[in-house]
file start.txt (compact mmCIF, C-alpha atoms)
# COMPACT_ATOMS: atom_id res chain seq x y z
CA MET A 1 46.75 43.03 112.54
CA ARG A 2 46.86 43.82 108.86
CA THR A 3 45.94 47.05 107.08
CA ASP A 4 45.47 47.58 103.38
CA ALA A 5 47.49 50.16 101.51
CA PHE A 6 45.76 53.54 101.84
CA THR A 7 46.24 57.19 101.04
CA LYS A 8 44.89 60.45 102.40
CA THR A 9 44.53 63.63 100.40
CA TYR A 10 43.59 67.10 101.65
CA ASP A 11 42.67 69.80 99.12
CA GLY A 12 44.36 67.89 96.32
CA ARG A 13 47.59 67.41 98.30
CA ARG A 14 48.49 63.85 99.29
CA VAL A 15 49.53 63.98 102.94
CA LEU A 16 49.87 60.27 103.62
CA SER A 17 50.56 57.19 101.57
CA MET A 18 50.75 53.92 103.49
CA PRO A 19 51.68 50.56 101.99
CA GLU A 20 50.03 47.34 103.09
CA PHE A 21 51.16 46.83 106.66
CA GLU A 22 51.30 43.98 109.16
CA PHE A 23 51.43 44.97 112.82
CA ASP A 24 52.94 42.40 115.18
CA GLU A 25 50.60 41.32 117.97
CA LYS A 26 51.39 42.42 121.52
CA SER A 27 53.86 45.07 120.42
CA VAL A 28 54.45 48.74 121.04
CA TYR A 29 55.04 50.69 117.84
CA ALA A 30 56.55 54.14 117.96
CA VAL A 31 55.81 56.37 114.97
CA ILE A 32 58.34 59.15 114.57
CA GLY A 33 59.03 61.77 111.94
CA ALA A 34 59.26 65.51 111.41
CA ASN A 35 56.30 67.91 111.58
CA GLY A 36 53.94 67.36 108.66
CA SER A 37 55.26 63.88 107.93
CA GLY A 38 51.76 62.43 108.40
CA LYS A 39 51.99 60.99 111.94
CA SER A 40 48.71 62.41 113.27
CA THR A 41 46.92 61.66 110.00
CA LEU A 42 48.05 58.05 110.35
CA ALA A 43 46.77 57.94 113.95
CA ARG A 44 43.42 59.45 112.98
CA ILE A 45 42.93 57.04 110.08
CA LEU A 46 43.91 53.97 112.12
CA SER A 47 41.48 55.05 114.86
CA GLY A 48 38.66 55.59 112.38
CA THR A 49 38.36 59.28 113.26
CA ILE A 50 38.86 60.17 109.61
CA GLN A 51 38.58 57.96 106.57
CA PRO A 52 41.31 57.30 104.03
CA ASP A 53 40.74 57.93 100.33
CA CYS A 54 40.56 54.17 99.88
CA GLY A 55 41.54 50.93 101.58
CA LYS A 56 40.55 49.05 104.71
CA TYR A 57 41.78 50.22 108.10
CA PRO A 58 41.50 48.71 111.60
CA ALA A 59 38.27 50.49 112.58
CA SER A 60 36.50 48.93 109.62
CA GLY A 61 37.36 45.46 110.89
CA GLY A 62 35.42 45.62 114.17
CA LEU A 63 38.57 45.86 116.29
CA SER A 64 38.14 47.62 119.65
CA ILE A 65 40.26 50.73 119.42
CA GLY A 66 41.22 53.32 122.00
CA TYR A 67 42.52 56.61 120.65
CA MET A 68 43.97 59.56 122.52
CA PRO A 69 43.97 62.65 120.26
CA GLN A 70 46.87 65.09 120.18
CA LYS A 71 44.84 67.70 122.06
CA SER A 72 43.58 66.07 125.24
CA PHE A 73 40.13 67.18 126.26
CA ALA A 74 38.95 67.38 129.85
CA PHE A 75 35.20 67.08 130.40
CA GLY A 76 33.69 69.56 132.85
CA MET A 77 33.37 67.19 135.81
CA THR A 78 35.73 65.80 138.43
CA VAL A 79 38.90 64.00 137.38
CA LYS A 80 37.59 60.69 138.69
CA LYS A 81 34.24 61.11 136.92
CA ASN A 82 36.19 61.72 133.70
CA LEU A 83 37.77 58.30 134.15
CA LEU A 84 34.49 56.64 135.10
CA LEU A 85 32.96 57.88 131.84
CA ASN A 86 35.00 55.18 130.16
CA GLY A 87 34.56 52.61 132.89
CA VAL A 88 32.87 49.27 132.35
CA GLY A 89 31.73 46.88 135.04
CA ALA A 90 31.66 46.93 138.81
CA GLY A 91 35.39 47.38 139.37
CA SER A 92 35.55 50.73 137.55
CA GLY A 93 35.95 52.84 140.69
CA GLN A 94 38.80 50.72 141.95
CA ARG A 95 40.50 50.75 138.55
CA ALA A 96 40.18 54.53 138.36
CA ASP A 97 41.72 54.95 141.82
CA GLU A 98 44.58 52.64 140.90
CA LEU A 99 45.34 54.43 137.62
CA LEU A 100 45.21 57.85 139.28
CA ARG A 101 47.58 56.64 141.97
CA LYS A 102 50.02 55.25 139.41
CA ILE A 103 50.07 58.50 137.43
CA GLN A 104 50.22 60.51 140.69
CA LEU A 105 46.91 62.33 140.25
CA GLU A 106 45.07 60.77 143.19
CA GLU A 107 45.06 64.06 145.12
CA LEU A 108 43.24 65.75 142.23
CA ALA A 109 40.59 63.02 141.87
CA GLY A 110 37.81 65.24 143.25
CA LYS A 111 38.88 68.41 141.45
CA ASN A 112 37.08 69.76 138.37
CA ALA A 113 39.10 68.62 135.35
CA HIS A 114 38.74 72.04 133.68
CA GLY A 115 41.17 73.36 136.30
CA LEU A 116 43.99 70.97 135.38
CA SER A 117 47.21 72.06 133.70
CA GLY A 118 48.07 70.80 130.21
CA GLY A 119 50.32 68.03 131.56
CA GLU A 120 47.78 66.98 134.19
CA THR A 121 45.04 66.88 131.54
CA GLN A 122 47.17 64.56 129.42
CA ARG A 123 47.85 62.30 132.41
CA MET A 124 44.12 62.16 133.17
CA ALA A 125 43.24 61.52 129.50
CA LEU A 126 45.73 58.64 129.35
CA CYS A 127 44.25 57.06 132.48
CA ARG A 128 40.71 57.64 131.15
CA LEU A 129 41.55 55.69 128.01
CA MET A 130 43.11 52.89 130.05
CA MET A 131 39.86 52.31 131.92
CA ARG A 132 38.91 49.88 129.15
CA ASP A 133 40.76 46.99 127.54
CA TYR A 134 41.27 47.72 123.85
CA GLN A 135 42.83 45.52 121.19
CA LEU A 136 44.51 48.53 119.62
CA LEU A 137 45.61 51.60 121.58
CA ILE A 138 46.62 54.67 119.56
CA LEU A 139 48.28 57.50 121.44
CA ASP A 140 49.03 60.73 119.58
CA GLU A 141 51.84 62.49 121.43
CA PRO A 142 50.40 61.53 124.83
CA THR A 143 53.24 63.12 126.82
CA ALA A 144 53.81 66.30 124.78
CA SER A 145 52.79 68.58 127.68
CA MET A 146 54.23 66.47 130.50
CA ASP A 147 57.47 67.02 132.39
CA VAL A 148 60.17 64.34 132.34
CA GLU A 149 59.01 62.63 135.53
CA ALA A 150 55.39 62.45 134.39
CA SER A 151 56.48 61.23 130.95
CA LEU A 152 58.37 58.34 132.53
CA LEU A 153 55.35 57.46 134.66
CA ALA A 154 53.15 57.53 131.55
CA GLU A 155 55.58 55.33 129.61
CA ALA A 156 55.61 52.79 132.45
CA LEU A 157 51.81 52.84 132.52
CA ILE A 158 51.61 52.29 128.76
CA ARG A 159 53.94 49.32 128.99
CA GLU A 160 52.02 47.88 131.94
CA TYR A 161 48.71 48.27 130.05
CA GLN A 162 50.18 46.58 126.99
CA ASN A 163 51.50 43.66 129.05
CA LYS A 164 48.17 43.28 130.86
CA THR A 165 45.86 43.49 127.84
CA GLY A 166 48.16 42.09 125.16
CA CYS A 167 47.07 44.87 122.80
CA ILE A 168 48.98 46.61 120.05
CA VAL A 169 50.08 50.11 121.04
CA ILE A 170 50.82 52.77 118.43
CA LEU A 171 52.67 55.65 120.05
CA ILE A 172 53.06 58.81 117.99
CA THR A 173 55.99 60.77 119.37
CA HIS A 174 58.46 63.50 118.54
CA SER A 175 60.96 62.12 120.99
CA LEU A 176 63.45 59.54 119.76
CA PRO A 177 64.60 58.80 123.35
CA GLN A 178 60.95 58.13 124.29
CA ALA A 179 60.55 55.83 121.30
CA ALA A 180 63.74 54.02 122.31
CA ARG A 181 62.48 53.58 125.89
CA ALA A 182 58.88 52.65 125.21
CA ALA A 183 58.69 50.81 121.88
CA ASP A 184 59.59 47.45 120.40
CA ASN A 185 59.13 48.54 116.79
CA LEU A 186 59.62 51.78 114.94
CA ILE A 187 57.94 53.36 111.94
CA PHE A 188 59.76 56.36 110.54
CA LEU A 189 57.54 58.62 108.44
CA HIS A 190 59.13 60.95 105.93
CA ALA A 191 57.22 63.25 103.57
CA GLY A 192 53.94 61.44 104.10
CA ALA A 193 55.15 57.86 103.74
CA PRO A 194 57.01 55.32 105.87
CA ALA A 195 60.64 55.60 104.82
CA GLU A 196 61.75 52.80 107.12
CA TRP A 197 60.20 50.43 109.67
CA GLY A 198 61.11 47.37 111.68
CA ARG A 199 62.51 46.31 115.04
CA LEU A 200 63.63 49.40 116.90
CA LYS A 201 67.06 48.18 117.95
CA ALA A 202 67.94 46.95 114.47
CA MET A 203 66.85 50.26 112.94
CA MET A 204 68.83 52.29 115.43
CA ASP A 205 71.95 50.15 114.97
CA ALA A 206 71.85 50.04 111.19
CA PRO A 207 69.57 52.55 109.48
CA ARG A 208 68.80 51.54 105.92
CA SER A 209 67.35 54.68 104.42
CA ASP A 210 69.13 58.02 103.93
CA ALA A 211 66.14 59.88 105.40
CA PHE A 212 66.22 57.91 108.68
CA ARG A 213 70.03 58.11 108.87
CA GLU A 214 69.85 61.90 108.52
CA TYR A 215 67.09 62.04 111.13
CA LEU A 216 69.13 59.96 113.55
CA ASP A 217 72.26 62.09 112.97
CA PHE A 218 70.23 65.24 113.58
CA CYS A 219 68.72 63.86 116.80
CA LEU A 220 72.03 62.58 118.14
CA LYS A 221 73.79 65.91 117.47
CA ARG A 222 71.21 67.84 119.54
CA MET B 1 11.49 114.28 138.74
CA ASN B 2 11.92 113.93 142.52
CA THR B 3 8.16 114.16 143.08
CA ALA B 4 7.48 111.55 140.40
CA LEU B 5 10.12 109.27 141.90
CA HIS B 6 8.65 109.69 145.39
CA GLU B 7 5.12 108.97 144.13
CA ALA B 8 6.39 105.99 142.14
CA MET B 9 7.96 104.52 145.28
CA LEU B 10 4.70 105.06 147.19
CA MET B 11 2.79 103.39 144.36
CA ILE B 12 5.11 100.36 144.44
CA PHE B 13 4.82 99.85 148.18
CA SER B 14 1.06 100.56 148.35
CA GLY B 15 0.22 97.28 146.61
CA ASN B 16 -1.48 99.03 143.66
CA ARG B 17 -3.88 96.65 141.87
CA LEU B 18 -3.08 97.97 138.37
CA LEU B 19 0.65 97.47 138.90
CA GLY B 20 0.00 93.98 140.26
CA SER B 21 -1.98 93.04 137.16
CA ILE B 22 0.67 94.40 134.77
CA ILE B 23 3.49 92.63 136.63
CA GLY B 24 1.50 89.39 136.77
CA VAL B 25 0.82 89.37 133.01
CA THR B 26 4.45 90.28 132.28
CA VAL B 27 5.90 87.51 134.45
CA ARG B 28 3.42 84.91 133.14
CA MET B 29 4.07 85.81 129.52
CA SER B 30 7.86 86.10 129.86
CA LEU B 31 8.29 82.82 131.73
CA ALA B 32 6.03 80.92 129.33
CA SER B 33 7.68 82.28 126.19
CA SER B 34 11.29 82.06 127.40
CA LEU B 35 10.93 78.52 128.77
CA THR B 36 9.20 77.28 125.62
CA ALA B 37 11.83 78.99 123.45
CA LEU B 38 14.51 77.30 125.56
CA LEU B 39 12.89 73.88 125.14
CA LEU B 40 12.68 74.36 121.38
CA GLY B 41 15.86 76.33 120.79
CA VAL B 42 18.37 74.27 122.81
CA PRO B 43 17.83 70.98 120.93
CA LEU B 44 17.71 72.91 117.64
CA GLY B 45 20.98 74.70 118.49
CA VAL B 46 22.67 71.48 119.60
CA TRP B 47 21.53 69.79 116.40
CA LEU B 48 22.80 72.67 114.25
CA GLY B 49 26.06 72.94 116.18
CA SER B 50 26.96 69.28 116.38
CA GLY B 51 25.28 67.81 113.30
CA ARG B 52 27.19 66.76 110.23
CA PHE B 53 24.76 67.04 107.34
CA ALA B 54 24.79 68.80 103.99
CA ALA B 55 22.24 71.54 104.73
CA ARG B 56 23.80 72.53 108.10
CA LYS B 57 25.46 75.73 106.88
CA THR B 58 22.34 76.83 105.01
CA LEU B 59 20.20 76.26 108.11
CA VAL B 60 22.69 78.16 110.30
CA VAL B 61 22.57 81.15 107.95
CA LEU B 62 18.76 80.96 107.88
CA ASN B 63 18.58 80.84 111.67
CA ARG B 64 20.96 83.81 111.96
CA THR B 65 18.66 85.72 109.65
CA PHE B 66 15.68 84.93 111.90
CA MET B 67 17.74 86.06 114.91
CA GLY B 68 17.69 89.57 113.49
CA THR B 69 13.96 89.64 112.78
CA PRO B 70 12.56 93.01 113.99
CA PRO B 71 9.91 92.42 116.69
CA VAL B 72 7.37 94.54 114.82
CA VAL B 73 7.71 92.29 111.77
CA CYS B 74 7.10 89.26 113.98
CA GLY B 75 4.16 91.11 115.56
CA LEU B 76 2.77 91.96 112.15
CA LEU B 77 3.05 88.34 110.99
CA CYS B 78 1.23 87.08 114.10
CA TYR B 79 -1.37 89.84 113.78
CA LEU B 80 -2.10 88.81 110.19
CA LEU B 81 -2.28 85.14 111.17
CA PHE B 82 -4.54 85.70 114.20
CA SER B 83 -6.72 88.55 112.93
CA GLY B 84 -10.31 88.16 111.76
CA VAL B 85 -9.19 87.54 108.16
CA GLY B 86 -6.12 85.43 109.02
CA PRO B 87 -5.79 81.67 108.55
CA LEU B 88 -5.59 81.07 112.33
CA ARG B 89 -8.56 83.31 113.28
CA MET B 90 -10.48 80.32 114.67
CA LEU B 91 -7.91 80.01 117.47
CA LYS B 92 -8.94 83.47 118.75
CA LEU B 93 -5.42 84.36 119.80
CA LEU B 94 -5.44 88.06 118.93
CA TYR B 95 -5.36 90.30 122.00
CA THR B 96 -4.66 87.36 124.30
CA VAL B 97 -1.64 86.48 126.44
CA ARG B 98 -1.35 83.16 124.58
CA GLY B 99 -1.03 85.04 121.30
CA MET B 100 1.65 87.26 122.82
CA VAL B 101 3.52 84.20 124.07
CA ILE B 102 3.46 82.65 120.58
CA ALA B 103 4.81 85.88 119.05
CA GLN B 104 7.63 85.94 121.59
CA ILE B 105 8.45 82.25 121.05
CA LEU B 106 8.84 82.98 117.33
CA LEU B 107 11.11 85.87 118.21
CA ILE B 108 13.25 84.22 120.90
CA THR B 109 13.67 80.62 119.66
CA PRO B 110 16.11 81.55 116.83
CA ILE B 111 18.16 83.58 119.33
CA VAL B 112 18.37 80.62 121.74
CA ALA B 113 19.19 78.23 118.88
CA GLY B 114 21.82 80.60 117.48
CA MET B 115 23.57 81.05 120.83
CA MET B 116 23.57 77.30 121.44
CA GLU B 117 24.78 76.56 117.92
CA SER B 118 27.69 78.94 118.36
CA CYS B 119 28.71 77.33 121.67
CA VAL B 120 28.17 73.73 120.65
CA SER B 121 30.01 74.07 117.33
CA SER B 122 33.09 75.25 119.25
CA VAL B 123 33.16 72.29 121.69
CA ALA B 124 31.58 69.50 119.61
CA PRO B 125 34.64 68.55 117.47
CA ALA B 126 36.91 68.06 120.50
CA VAL B 127 34.21 66.22 122.49
CA ARG B 128 33.34 64.03 119.52
CA GLU B 129 36.99 63.15 118.82
CA THR B 130 37.68 62.35 122.48
CA ALA B 131 34.46 60.40 123.03
CA GLY B 132 34.91 58.60 119.71
CA GLY B 133 38.46 57.73 120.74
CA MET B 134 37.09 56.02 123.83
CA GLY B 135 34.43 54.22 121.80
CA LEU B 136 31.47 55.93 123.50
CA SER B 137 28.06 55.79 121.85
CA GLY B 138 26.52 58.66 119.88
CA GLY B 139 23.93 59.24 122.62
CA LYS B 140 26.56 59.52 125.34
CA THR B 141 28.62 61.84 123.14
CA LEU B 142 25.58 64.10 122.70
CA LEU B 143 25.05 64.16 126.49
CA LEU B 144 28.70 65.13 126.95
CA ILE B 145 28.32 67.94 124.41
CA MET B 146 25.26 69.16 126.36
CA ASN B 147 27.18 68.90 129.61
CA GLU B 148 30.02 71.02 128.21
CA SER B 149 27.43 73.60 127.12
CA ARG B 150 25.52 73.78 130.40
CA TYR B 151 26.74 77.27 131.37
CA GLN B 152 25.75 78.48 127.93
CA ILE B 153 22.25 77.05 128.41
CA ILE B 154 21.85 79.20 131.52
CA SER B 155 23.24 82.30 129.81
CA THR B 156 21.00 81.61 126.86
CA TYR B 157 17.95 81.36 129.09
CA LEU B 158 18.86 84.63 130.74
CA MET B 159 19.16 86.23 127.31
CA GLY B 160 15.78 84.81 126.27
CA LEU B 161 14.06 85.95 129.44
CA SER B 162 15.58 89.43 129.19
CA ARG B 163 14.41 89.65 125.61
CA ALA B 164 10.90 88.55 126.62
CA LEU B 165 10.75 91.07 129.47
CA ALA B 166 12.07 93.97 127.39
CA GLU B 167 10.18 93.32 124.15
CA VAL B 168 7.56 95.90 123.09
CA GLY B 169 6.85 95.73 119.35
CA ALA B 170 5.41 92.23 118.94
CA VAL B 171 3.47 92.14 122.22
CA SER B 172 1.83 95.51 121.67
CA MET B 173 0.67 94.51 118.18
CA VAL B 174 -0.59 91.06 119.16
CA GLY B 175 -1.74 91.88 122.69
CA GLY B 176 -3.08 95.36 122.13
CA ALA B 177 -2.01 96.50 125.63
CA ILE B 178 -5.49 95.98 127.12
CA ALA B 179 -5.61 96.96 130.79
CA TYR B 180 -5.99 94.06 133.22
CA LYS B 181 -5.70 91.62 130.31
CA THR B 182 -2.73 91.98 127.97
CA ASN B 183 -0.93 95.07 129.20
CA VAL B 184 2.67 94.18 130.10
CA MET B 185 5.30 96.37 131.71
CA THR B 186 6.97 97.58 128.53
CA THR B 187 3.76 98.44 126.70
CA ALA B 188 2.37 100.06 129.86
CA ILE B 189 5.52 102.19 130.31
CA MET B 190 5.21 103.33 126.70
CA ASN B 191 1.50 104.09 126.95
CA TYR B 192 1.61 105.83 130.35
CA THR B 193 4.58 107.95 129.23
CA ASN B 194 2.65 108.99 126.12
CA MET B 195 -0.27 109.93 128.40
CA GLY B 196 2.04 111.96 130.67
CA ASN B 197 1.57 109.60 133.63
CA PHE B 198 5.24 109.48 134.61
CA THR B 199 4.56 108.15 138.13
CA THR B 200 3.18 104.82 136.88
CA SER B 201 5.83 104.61 134.13
CA LEU B 202 8.60 105.21 136.64
CA ALA B 203 7.16 102.70 139.12
CA LEU B 204 7.01 100.05 136.38
CA GLY B 205 10.52 100.93 135.20
CA ILE B 206 11.92 100.51 138.72
CA ILE B 207 10.16 97.14 139.15
CA LEU B 208 11.36 95.96 135.71
CA PHE B 209 14.93 96.89 136.66
CA PHE B 210 14.73 94.92 139.93
CA ILE B 211 13.17 91.89 138.19
CA SER B 212 16.14 91.88 135.79
CA LEU B 213 18.54 92.21 138.70
CA ALA B 214 16.87 89.33 140.58
CA VAL B 215 17.03 87.11 137.48
CA ASN B 216 20.72 87.89 137.02
CA ILE B 217 21.52 87.14 140.65
CA ALA B 218 19.59 83.86 140.52
CA VAL B 219 21.40 82.80 137.35
CA SER B 220 24.81 83.71 138.79
CA LEU B 221 24.05 81.67 141.91
CA LEU B 222 22.91 78.74 139.77
CA GLN B 223 26.10 78.91 137.69
CA GLY B 224 28.12 78.92 140.90
CA ARG B 225 26.33 75.78 142.10
CA LEU B 226 27.10 74.07 138.78
CA ALA B 227 30.80 74.90 138.93
CA ILE B 228 31.79 71.42 140.12
call {"tool": "encode", "arguments": {"input": "start.txt", "output": "structure tokens"}}
result
Amino acid sequence: MRTDAFTKTYDGRRVLSMPEFEFDEKSVYAVIGANGSGKSTLARILSGTIQPDCGKYPASGGLSIGYMPQKSFAFGMTVKKNLLLNGVGAGSGQRADELLRKIQLEELAGKNAHGLSGGETQRMALCRLMMRDYQLLILDEPTASMDVEASLLAEALIREYQNKTGCIVILITHSLPQAARAADNLIFLHAGAPAEWGRLKAMMDAPRSDAFREYLDFCLKR
Amino acid sequence: MNTALHEAMLMIFSGNRLLGSIIGVTVRMSLASSLTALLLGVPLGVWLGSGRFAARKTLVVLNRTFMGTPPVVCGLLCYLLFSGVGPLRMLKLLYTVRGMVIAQILLITPIVAGMMESCVSSVAPAVRETAGGMGLSGGKTLLLIMNESRYQIISTYLMGLSRALAEVGAVSMVGGAIAYKTNVMTTAIMNYTNMGNFTTSLALGIILFFISLAVNIAVSLLQGRLAI
């Protein structure tokens, strides 16, 4: 999957500047960086939720894209009905049950989703998105409100989905350990532009840019 | 006061024909105007709250201005339209229940639309982003926005009905408070009080209070049934 170079400007301030980019097929990309580095803007542009100032982006190419926004929204109906909203075909009910079981929400399937906690809402929203097979799955901090156990379940589910569908996953995260566990490739955003990107292991072993080296040092000291 | 209250209670339970007529006209007019205002105002409010078009803000401000229209001004406008020299005189709506209903629709629709707009504009961005993220169609997204606003629709209807029941200015100007024809509870209370007939006024006031209470209970029960 190839994207043109694009920029995004808000109120005269450039918040993101992306070069031309080639995403490897069947890969999980983790996008990391400090607050305000442009991660969510990148996710929203790639999903077609907002438009860049110029340039082509995946949504303009007819690619089927699933996008989970940073703030997960629960529709006012049961948890299972939330999942079925995104279901296609006759096997939707079975798929919903299976996803809810894997994320350990099966006991809440009949409960109104407005009564879920933040972490439970994120788990439900992740399953809801996985009801369909997308070619590109963009997840903006999908585990931010989850505890460690739920985060690990979600990561396993993401990997399983990617293996099953062969899609490209773009995982926006604040957690370097999560990126290391879940991703094959890494994009490090710094001040609204990718400072470094490539295979995750190679980047972790030998950072090339000062910005990423400093970020790594900071994360490892914590 | 005690005597008037006692006589009012007797009047209520005696099945008084005058009271029956006033209550009948009031209920007929209020239901017709509030339901029509709901049918017009909800789609308008959803459109204003969820739409993304250039004139949206201007239309919202305009609607908010109409929300504050004094009933007597609305009554005056309808009176001028329906009167013998008005452009709609051929419809013969002056001093009729239909004319009163139209005046109330003009009064209540902006309120319904404004309440819906306020609710929908607060949920629409999150619903749209989530539904768009799943790749759902525009029609399905609109249904989801409506679903998220369903409690507000009920509250809005309650507000509209209360307004219709309690309104005096427009209905008295357009309806003329004609006995057994266009006299509704509020205009009757005003007129009978002015005439010193406190028994009838009090009886109507008590019934109006219990109608409001019954509507509120029904709406609360309905909201409870919609909770899941």
call {"tool": "interface_residues", "arguments": {"input": "start.txt", "of": "chain B", "to": "chain A", "cutoff": "7 Å", "atoms": "all atoms listed in the file", "output": "JSON, numbers by chain"}}
result
{"B": [126, 129, 130, 133, 134, 135, 148, 228]}
call {"tool": "axis_aligned_box", "arguments": {"input": "start.txt", "around": "range 71-75 of chain A", "padding_each_side": "8 Å", "output": "JSON"}}
result
{"center_x": 40.0, "center_y": 66.9, "center_z": 126.2, "size_x": 25.6, "size_y": 17.6, "size_z": 24.3}
call {"tool": "residues_around", "arguments": {"input": "start.txt", "residues": "range 177-180 of chain A", "least_positions_apart": "6", "cutoff": "9 Å", "atoms": "only C-alpha atoms", "output": "list in words"}}
result
Tyr29, Ala30, Val31, Ile32, Ser151, Leu152, Glu155, Leu171, Leu186, Leu200, Lys201 and Met204 of chain A
call {"tool": "atom_distance", "arguments": {"input": "start.txt", "atom1": "CA of Met90 in chain B", "atom2": "CA of Pro71 in chain B"}}
result
23.8 Å
call {"tool": "residues_around", "arguments": {"input": "start.txt", "residues": "Cys54 in chain A", "least_positions_apart": "4", "cutoff": "10 Å", "atoms": "only C-alpha atoms", "output": "list of chain:residue names"}}
result
A:Asp4, A:Ala5, A:Phe6, A:Thr7, A:Lys8
call {"tool": "write_last_selection", "arguments": {"input": "start.txt", "atoms": "C-alpha atoms", "output": "short mmCIF file (atom, residue, chain, number, x, y, z; two decimals), in the coordinates of the input"}}
result
data_model
loop_
_atom_site.label_atom_id
_atom_site.label_comp_id
_atom_site.auth_asym_id
_atom_site.auth_seq_id
_atom_site.Cartn_x
_atom_site.Cartn_y
_atom_site.Cartn_z
CA ASP A 4 45.47 47.58 103.38
CA ALA A 5 47.49 50.16 101.51
CA PHE A 6 45.76 53.54 101.84
CA THR A 7 46.24 57.19 101.04
CA LYS A 8 44.89 60.45 102.40
#
call {"tool": "residues_around", "arguments": {"input": "start.txt", "residues": "Val25 in chain B", "least_positions_apart": "6", "cutoff": "9 Å", "atoms": "all atoms listed in the file", "output": "list in words"}}
result
Val97, Tyr180, Lys181, Thr182, Asn183, Val184 and Met185 of chain B
call {"tool": "closest_residue", "arguments": {"input": "start.txt", "among": "A:Arg14, A:Arg2, A:Lys26, A:Lys81", "to": "Asn185 in chain A", "atoms": "all atoms listed in the file"}}
result
A:Lys26
call {"tool": "atom_distance", "arguments": {"input": "start.txt", "atom1": "CA of Ser40 in chain A", "atom2": "CA of Thr173 in chain A"}}
result
9.6 Å
call {"tool": "atom_distance", "arguments": {"input": "start.txt", "atom1": "CA of Tyr79 in chain B", "atom2": "CA of Tyr192 in chain B"}}
result
23.2 Å
call {"tool": "residues_near_point", "arguments": {"input": "start.txt", "point": "(1.8, 80.3, 119.4)", "cutoff": "12 Å", "atoms": "all atoms listed in the file", "output": "VMD selection string"}}
result
chain B and resid 29 32 to 33 36 to 37 74 to 75 77 to 79 81 to 82 88 91 to 94 96 to 107 109 174
call {"tool": "residues_around", "arguments": {"input": "start.txt", "residues": "range 22-25 of chain A", "least_positions_apart": "4", "cutoff": "10 Å", "atoms": "all atoms listed in the file", "output": "list in words"}}
result
Met1, Arg2, Thr3, Asp4, Tyr29, Gln135, Leu136, Gly166, Cys167, Ile168, Val169, Ile170, Asp184 and Asn185 of chain A
call {"tool": "residues_around", "arguments": {"input": "start.txt", "residues": "Thr9 in chain A", "least_positions_apart": "3", "cutoff": "12 Å", "atoms": "all atoms listed in the file", "output": "list in words"}}
result
Phe6, Gly12, Arg13, Arg14, Val15, Leu16, Ser17, Met18, Gly38, Thr41, Leu42, Ile45, Ile50, Gln51, Pro52, Asp53, Cys54 and Gly192 of chain A
call {"tool": "write_last_selection", "arguments": {"input": "start.txt", "atoms": "C-alpha atoms", "output": "mmCIF file, in the coordinates of the input"}}
result
data_model
loop_
_atom_site.group_PDB
_atom_site.id
_atom_site.type_symbol
_atom_site.label_atom_id
_atom_site.label_comp_id
_atom_site.auth_asym_id
_atom_site.auth_seq_id
_atom_site.Cartn_x
_atom_site.Cartn_y
_atom_site.Cartn_z
ATOM 1 C CA PHE A 6 45.760 53.540 101.840
ATOM 2 C CA GLY A 12 44.360 67.890 96.320
ATOM 3 C CA ARG A 13 47.590 67.410 98.300
ATOM 4 C CA ARG A 14 48.490 63.850 99.290
ATOM 5 C CA VAL A 15 49.530 63.980 102.940
ATOM 6 C CA LEU A 16 49.870 60.270 103.620
ATOM 7 C CA SER A 17 50.560 57.190 101.570
ATOM 8 C CA MET A 18 50.750 53.920 103.490
ATOM 9 C CA GLY A 38 51.760 62.430 108.400
ATOM 10 C CA THR A 41 46.920 61.660 110.000
ATOM 11 C CA LEU A 42 48.050 58.050 110.350
ATOM 12 C CA ILE A 45 42.930 57.040 110.080
ATOM 13 C CA ILE A 50 38.860 60.170 109.610
ATOM 14 C CA GLN A 51 38.580 57.960 106.570
ATOM 15 C CA PRO A 52 41.310 57.300 104.030
ATOM 16 C CA ASP A 53 40.740 57.930 100.330
ATOM 17 C CA CYS A 54 40.560 54.170 99.880
ATOM 18 C CA GLY A 192 53.940 61.440 104.100
#
call {"tool": "closest_residue", "arguments": {"input": "start.txt", "among": "B:Ser220, B:Ser21, B:Thr199, B:Ser30", "to": "Ile178 in chain B", "atoms": "only C-alpha atoms"}}
result
B:Ser21
call {"tool": "build_atoms", "arguments": {"input": "start.txt", "residues": "range 77-83 of chain B", "atoms": "N, CA and C atoms", "output": "compact mmCIF listing (two decimals), in the frame of the given file"}}
result
# COMPACT_ATOMS: atom_id res chain seq x y z
N LEU B 77 3.33 89.69 111.51
CA LEU B 77 3.05 88.34 110.99
C LEU B 77 1.99 87.65 111.87
N CYS B 78 2.20 87.72 113.18
CA CYS B 78 1.23 87.08 114.10
C CYS B 78 -0.13 87.77 114.00
N TYR B 79 -0.11 89.08 113.89
CA TYR B 79 -1.37 89.84 113.78
C TYR B 79 -2.16 89.36 112.56
N LEU B 80 -1.43 89.25 111.43
CA LEU B 80 -2.10 88.81 110.19
C LEU B 80 -2.62 87.38 110.30
N LEU B 81 -1.86 86.53 111.00
CA LEU B 81 -2.28 85.14 111.17
C LEU B 81 -3.50 85.02 112.09
N PHE B 82 -3.50 85.84 113.18
CA PHE B 82 -4.54 85.70 114.20
C PHE B 82 -5.76 86.59 113.97
N SER B 83 -5.63 87.58 113.10
CA SER B 83 -6.72 88.55 112.93
C SER B 83 -7.97 87.90 112.30
